[in-house]
Each structure stands twice: as structure tokens, then as C-alpha cells.
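In what follows, a structure is listed as C-alpha cells, so that the remarks can point back to it.
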Amino acid sequence: KAGVTQTPRYLIKTRGQQVTLSCSPISGHRSVSWYQQTPGQGLQFLFEYFSETQRNKGNFPGRFSGRQFSNSRSEMNVSTLELGDSALYLCASTRWWQGEADTQYFGPGTRLTVL
Amino acid sequence: DQQVKQNSPSLSVQEGRISILNCDYTNSMFDYFLWYKKYPAEGPTFLISISSIKDKNEDGRFTVFLNKSAKHLSLHIVPSQPGDSAVYFCAAVPPKLIFGTGTRLQVFP
């Protein structure tokens with residue numbers, strides 16, 4: 001069974017631009033969560049989607065948004081990029097909504113650098 | 001406010017010895033925890049979980065202990081191997097994953 005895939009793996013943008021990252025969950029998994037990892041803050045939860053609906057949201061500004069498609073693939077978008085948005089963005093999938101306490105499986109991440 | 005804390009940012013252990021990674025949490029309602037291992041430039045990999053109905057869960061060289069009264073869990077790796085060198089995150093699950101800041105484990109020969 002293929003794992004969680006994320007595209008692109010690496011991305012360089014400049015301040016003020018916007019970016020869209022993509023995540024394909026494990027086949028059969030319906031819940032997708034997004035995390036940001038930075039050296040100083042560790043792994044921080046962005047949001048979670050289940051059946052195309054946002055179920056949970058972390059404490060990030062409105063510049064961070066996401067969506068999920070009917071095939072469970074998910075995208076996250078960051079508008080008006082800031083230098084501090086440089087991070088590794090990780091996507092994770094589970095079979096069910098995380099309220100079921102199911103294990104999350106992570107993708108390799110997208111390394112975003114904002115210049 | 002960090003609800004899940006890993007107070008040791010790094011740990012160095014000799015090969016063959018025991019590695020003990022600690023994690024504390026503040027919310028007594030948390031009842032399910034996961035440990036993840038992360039290599040550089042890769043996503044975290046699930047290692048082992050524990051729910052509050054147990055105080056110990058074992059999987060091969062990895063054992064997780066949960067002390068609910070102390071709001072503390074620990075991951076024991078015995079024996080430690082050089083391939084175990086990575087960053088380890090504990091996470092509380094309910095209803096979204098709340099991660100600690102990680103402990104970098106280095107296992108030297």
C-alpha cells in the first residue's frame with residue numbers, strides 16, 4: 001500500500017507570494033491533517049479535514065487555509081508569505097476522523113523556504 | 001502554553017544501553033498518546049501508542065510507560081542501536097495531535 005505523498009518536496013518563494021501544497025493520503029484514509037515544523041516550535045497542528053470538512057483548526061492566522069477533495073486528497077494554501085513561514089509542512093492521514101484516536105501516518109513533507 | 005512537554009532536547013546513549021525519553025502533559029483529560037520517530041528531511045514515523053487503560057505497552061525493543069497520576073509518559077528503548085538516532089516526539093491525541101517539542105537521541109558505538 002502506497003504511503004502518504006506530498007508535492008512538491010521543496011519550494012522556494014519570496015515574501016508576499018502565495019503557495020499551494022498538495023497531499024495524497026493512504027488509500028482508504030479519509031482524514032488528513034496538516035502540521036508545520038520549525039526548529040524553534042516543533043510540530044504544530046494547522047488543521048484537519050475529514051470528508052471534505054474542516055474538523056479541527058490550530059492557532060494559525062487566516063493566511064493559512066486548506067481544503068479536501070472528494071477523493072480525500074488535500075491542499076493547503078498560504079497567502080502573503082512571510083519569512084517566518086519557512087518550515088517543513090507535513091501532512092498525515094488516518095482512516096477515520098481523529099476523534100477515533102487512530103494512528104496518523106505522515107508524508108515526507110514539503111520544505112518551504114521564503115526569501 | 002505547551003500542553004505536551006519534552007524537557008530534554010537531546011540525549012546521548014551508548015549502543016546497547018537503555019534510552020529513556022520522557023514526556024509530560026498538563027491536561028488530565030488526555031487519554032491516548034503516541035510516540036513518533038523522525039529522521040531529518042522525512043516525515044515522522046509512528047512507533048508505539050498507549051491508552052489510559054494501560055500503564056505499559058511493549059513492542060519489541062520499545063516500551064512506553066504511562067503514569068496518569070503524574071501526567072508523565074516515557075519511552076524506553078532497549079538495547080539502543082545507532083539506527084535509533086533520530087528525533088523522538090510524543091503526542092497526545094484528543095481530538096487532534098498535540099506534539100511535544102521533541103528529543104534528539106544520539107546513540108554512539
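Residues are named by chain letter and number: chains run A, B, ... in the order of the C-alpha cells, numbers start at 1 in each chain, and ligands are numbered from 1 in the order shown.
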
* Asked: Mind listing as a PyMOL selection string which residues of chain B are within 8 Å of chain A, counting only C-alpha atoms?
  -> chain B and resi 32+34+41-46+93-102

Kindly save the residues from that selection, with C-alpha atoms included, as a compact mmCIF listing (two decimals), in the first residue's frame.
# COMPACT_ATOMS: atom_id res chain seq x y z
CA TYR B 32 -4.22 8.40 24.36
CA LEU B 34 1.66 8.27 20.52
CA ALA B 41 14.04 15.58 5.86
CA GLU B 42 11.49 12.82 6.44
CA GLY B 43 8.03 12.77 7.96
CA PRO B 44 7.55 11.33 11.47
CA THR B 45 7.11 7.58 11.67
CA PHE B 46 4.70 6.08 14.17
CA VAL B 93 -4.34 12.64 20.63
CA PRO B 94 -7.61 14.09 21.73
CA PRO B 95 -9.02 15.11 19.38
CA LYS B 96 -6.05 16.46 17.43
CA LEU B 97 -2.43 15.55 17.83
CA ILE B 98 -0.59 17.81 20.23
CA PHE B 99 3.12 17.24 19.91
CA GLY B 100 5.95 17.80 22.33
CA THR B 101 8.98 19.69 21.04
CA GLY B 102 10.99 16.52 20.56

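Proximity to Ile53 of chain B at 12 Å, evaluated using only C-alpha atoms and with sequence-adjacent residues fewer than 2 positions away removed, yields Phe30, Asp31, Tyr32, Phe33, Ser49, Ile50, Ser51, Asp55, Lys56, Asn57, Phe65, Leu66, Asn67 and Lys68 of chain B.
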
* Find the spatial neighbours of Leu115 of chain A, counting only C-alpha atoms, within a cut-off of 9 Å - ignore same-chain residues fewer than 2 positions away - and output them as number ranges by chain. => A: 12-15, 82-83, 86, 113

* **Distance of atom CA of Pro9 of chain B from atom CA of Gln106 of chain B, expressed in Å to one decimal place** => 11.2 Å

* Got a sec to tell me which of chain B DSSP assigns to strand (DSSP E), as a PyMOL selection string? -> chain B and resi 4-5+10-14+19-25+32-38+45-51+56-59+62-67+72-77+86-92+98-99+103-108

* To do: Enter the distance from atom CA of Ser27 of chain A to atom CA of Trp96 of chain A, in Å, rounded to one decimal.
  => 12.2 Å

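Our summary of the geometry notes that atom CA of Leu11 of chain B is positioned 21.0 Å from atom CA of Gly60 of chain B.
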
* So which residues touch segment 67-70 of chain A within 10 Å, counting only C-alpha atoms, skipping near sequence neighbours fewer than 5 positions away, as a PyMOL selection string? -> chain A and resi 22-24+30-32+47-54+75-77

Same residues, N, CA, C and O atoms, output as a PDB file, in the first residue's frame:
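Below is the file again03.pdb, written as the result:
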ATOM      1  N   SER A  22       0.284  20.095  -1.780  1.00  0.00           N
ATOM      2  CA  SER A  22      -0.671  19.023  -2.019  1.00  0.00           C
ATOM      3  C   SER A  22      -0.315  17.775  -1.220  1.00  0.00           C
ATOM      4  O   SER A  22       0.861  17.493  -0.974  1.00  0.00           O
ATOM      5  N   CYS A  23      -1.336  17.053  -0.833  1.00  0.00           N
ATOM      6  CA  CYS A  23      -1.157  15.833  -0.046  1.00  0.00           C
ATOM      7  C   CYS A  23      -2.125  14.767  -0.530  1.00  0.00           C
ATOM      8  O   CYS A  23      -3.336  15.008  -0.625  1.00  0.00           O
ATOM      9  N   SER A  24      -1.596  13.588  -0.812  1.00  0.00           N
ATOM     10  CA  SER A  24      -2.452  12.449  -1.148  1.00  0.00           C
ATOM     11  C   SER A  24      -2.352  11.434  -0.032  1.00  0.00           C
ATOM     12  O   SER A  24      -1.266  10.909   0.238  1.00  0.00           O
ATOM     13  N   ARG A  30      -9.491   8.674   5.198  1.00  0.00           N
ATOM     14  CA  ARG A  30     -10.399   9.775   4.899  1.00  0.00           C
ATOM     15  C   ARG A  30     -10.069  11.066   5.649  1.00  0.00           C
ATOM     16  O   ARG A  30     -10.640  12.103   5.388  1.00  0.00           O
ATOM     17  N   SER A  31      -9.184  10.960   6.597  1.00  0.00           N
ATOM     18  CA  SER A  31      -8.835  12.146   7.389  1.00  0.00           C
ATOM     19  C   SER A  31      -7.424  12.586   7.045  1.00  0.00           C
ATOM     20  O   SER A  31      -6.499  11.777   6.976  1.00  0.00           O
ATOM     21  N   VAL A  32      -7.267  13.873   6.811  1.00  0.00           N
ATOM     22  CA  VAL A  32      -5.952  14.444   6.513  1.00  0.00           C
ATOM     23  C   VAL A  32      -5.704  15.611   7.453  1.00  0.00           C
ATOM     24  O   VAL A  32      -6.563  16.486   7.605  1.00  0.00           O
ATOM     25  N   PHE A  47      -4.479  22.218  10.668  1.00  0.00           N
ATOM     26  CA  PHE A  47      -5.905  21.876  10.562  1.00  0.00           C
ATOM     27  C   PHE A  47      -6.067  20.427  10.139  1.00  0.00           C
ATOM     28  O   PHE A  47      -5.118  19.778   9.707  1.00  0.00           O
ATOM     29  N   GLU A  48      -7.300  19.963  10.291  1.00  0.00           N
ATOM     30  CA  GLU A  48      -7.639  18.599   9.917  1.00  0.00           C
ATOM     31  C   GLU A  48      -8.903  18.583   9.095  1.00  0.00           C
ATOM     32  O   GLU A  48      -9.855  19.314   9.401  1.00  0.00           O
ATOM     33  N   TYR A  49      -8.918  17.734   8.086  1.00  0.00           N
ATOM     34  CA  TYR A  49     -10.095  17.582   7.235  1.00  0.00           C
ATOM     35  C   TYR A  49     -10.563  16.138   7.247  1.00  0.00           C
ATOM     36  O   TYR A  49      -9.763  15.199   7.310  1.00  0.00           O
ATOM     37  N   PHE A  50     -11.860  16.001   7.229  1.00  0.00           N
ATOM     38  CA  PHE A  50     -12.486  14.686   7.145  1.00  0.00           C
ATOM     39  C   PHE A  50     -13.715  14.833   6.280  1.00  0.00           C
ATOM     40  O   PHE A  50     -14.562  15.699   6.532  1.00  0.00           O
ATOM     41  N   SER A  51     -13.795  13.976   5.277  1.00  0.00           N
ATOM     42  CA  SER A  51     -14.935  14.045   4.347  1.00  0.00           C
ATOM     43  C   SER A  51     -15.186  15.467   3.870  1.00  0.00           C
ATOM     44  O   SER A  51     -16.314  15.965   3.907  1.00  0.00           O
ATOM     45  N   GLU A  52     -14.124  16.098   3.423  1.00  0.00           N
ATOM     46  CA  GLU A  52     -14.169  17.431   2.801  1.00  0.00           C
ATOM     47  C   GLU A  52     -14.554  18.549   3.770  1.00  0.00           C
ATOM     48  O   GLU A  52     -14.799  19.680   3.330  1.00  0.00           O
ATOM     49  N   THR A  53     -14.599  18.242   5.047  1.00  0.00           N
ATOM     50  CA  THR A  53     -14.984  19.251   6.044  1.00  0.00           C
ATOM     51  C   THR A  53     -13.827  19.475   7.019  1.00  0.00           C
ATOM     52  O   THR A  53     -13.193  18.509   7.466  1.00  0.00           O
ATOM     53  N   GLN A  54     -13.580  20.728   7.344  1.00  0.00           N
ATOM     54  CA  GLN A  54     -12.555  21.013   8.329  1.00  0.00           C
ATOM     55  C   GLN A  54     -13.099  20.678   9.713  1.00  0.00           C
ATOM     56  O   GLN A  54     -14.081  21.263  10.168  1.00  0.00           O
ATOM     57  N   GLU A  75      -5.254  19.933  -0.057  1.00  0.00           N
ATOM     58  CA  GLU A  75      -4.316  21.005  -0.367  1.00  0.00           C
ATOM     59  C   GLU A  75      -4.316  22.001   0.777  1.00  0.00           C
ATOM     60  O   GLU A  75      -5.338  22.200   1.436  1.00  0.00           O
ATOM     61  N   MET A  76      -3.158  22.585   1.004  1.00  0.00           N
ATOM     62  CA  MET A  76      -3.133  23.727   1.898  1.00  0.00           C
ATOM     63  C   MET A  76      -2.532  24.908   1.153  1.00  0.00           C
ATOM     64  O   MET A  76      -1.674  24.747   0.278  1.00  0.00           O
ATOM     65  N   ASN A  77      -3.008  26.066   1.485  1.00  0.00           N
ATOM     66  CA  ASN A  77      -2.592  27.286   0.814  1.00  0.00           C
ATOM     67  C   ASN A  77      -2.104  28.292   1.854  1.00  0.00           C
ATOM     68  O   ASN A  77      -2.703  28.420   2.928  1.00  0.00           O
TER      69      ASN A  77
END

* **Residue neighbourhood Pro8 of chain A, 7 Å, only C-alpha atoms, exclusion window fewer than 2 positions, as an NGL selection string** => :A and (6 or 10-11 or 21 or 110)

* For Ile48 of chain B, work out the shell of residues within 9 Å, counting only C-alpha atoms and skipping chain neighbours fewer than 3 positions away, then give it as a ChimeraX atom specification. => /B:33-36,57-59,62-64,75

* If we count only C-alpha atoms, what is near Ile26 of chain A at a cut-off of 7 Å, once residues fewer than 6 positions away on the same chain are taken out, given as a PyMOL selection string? -> chain A and resi 2-4+93
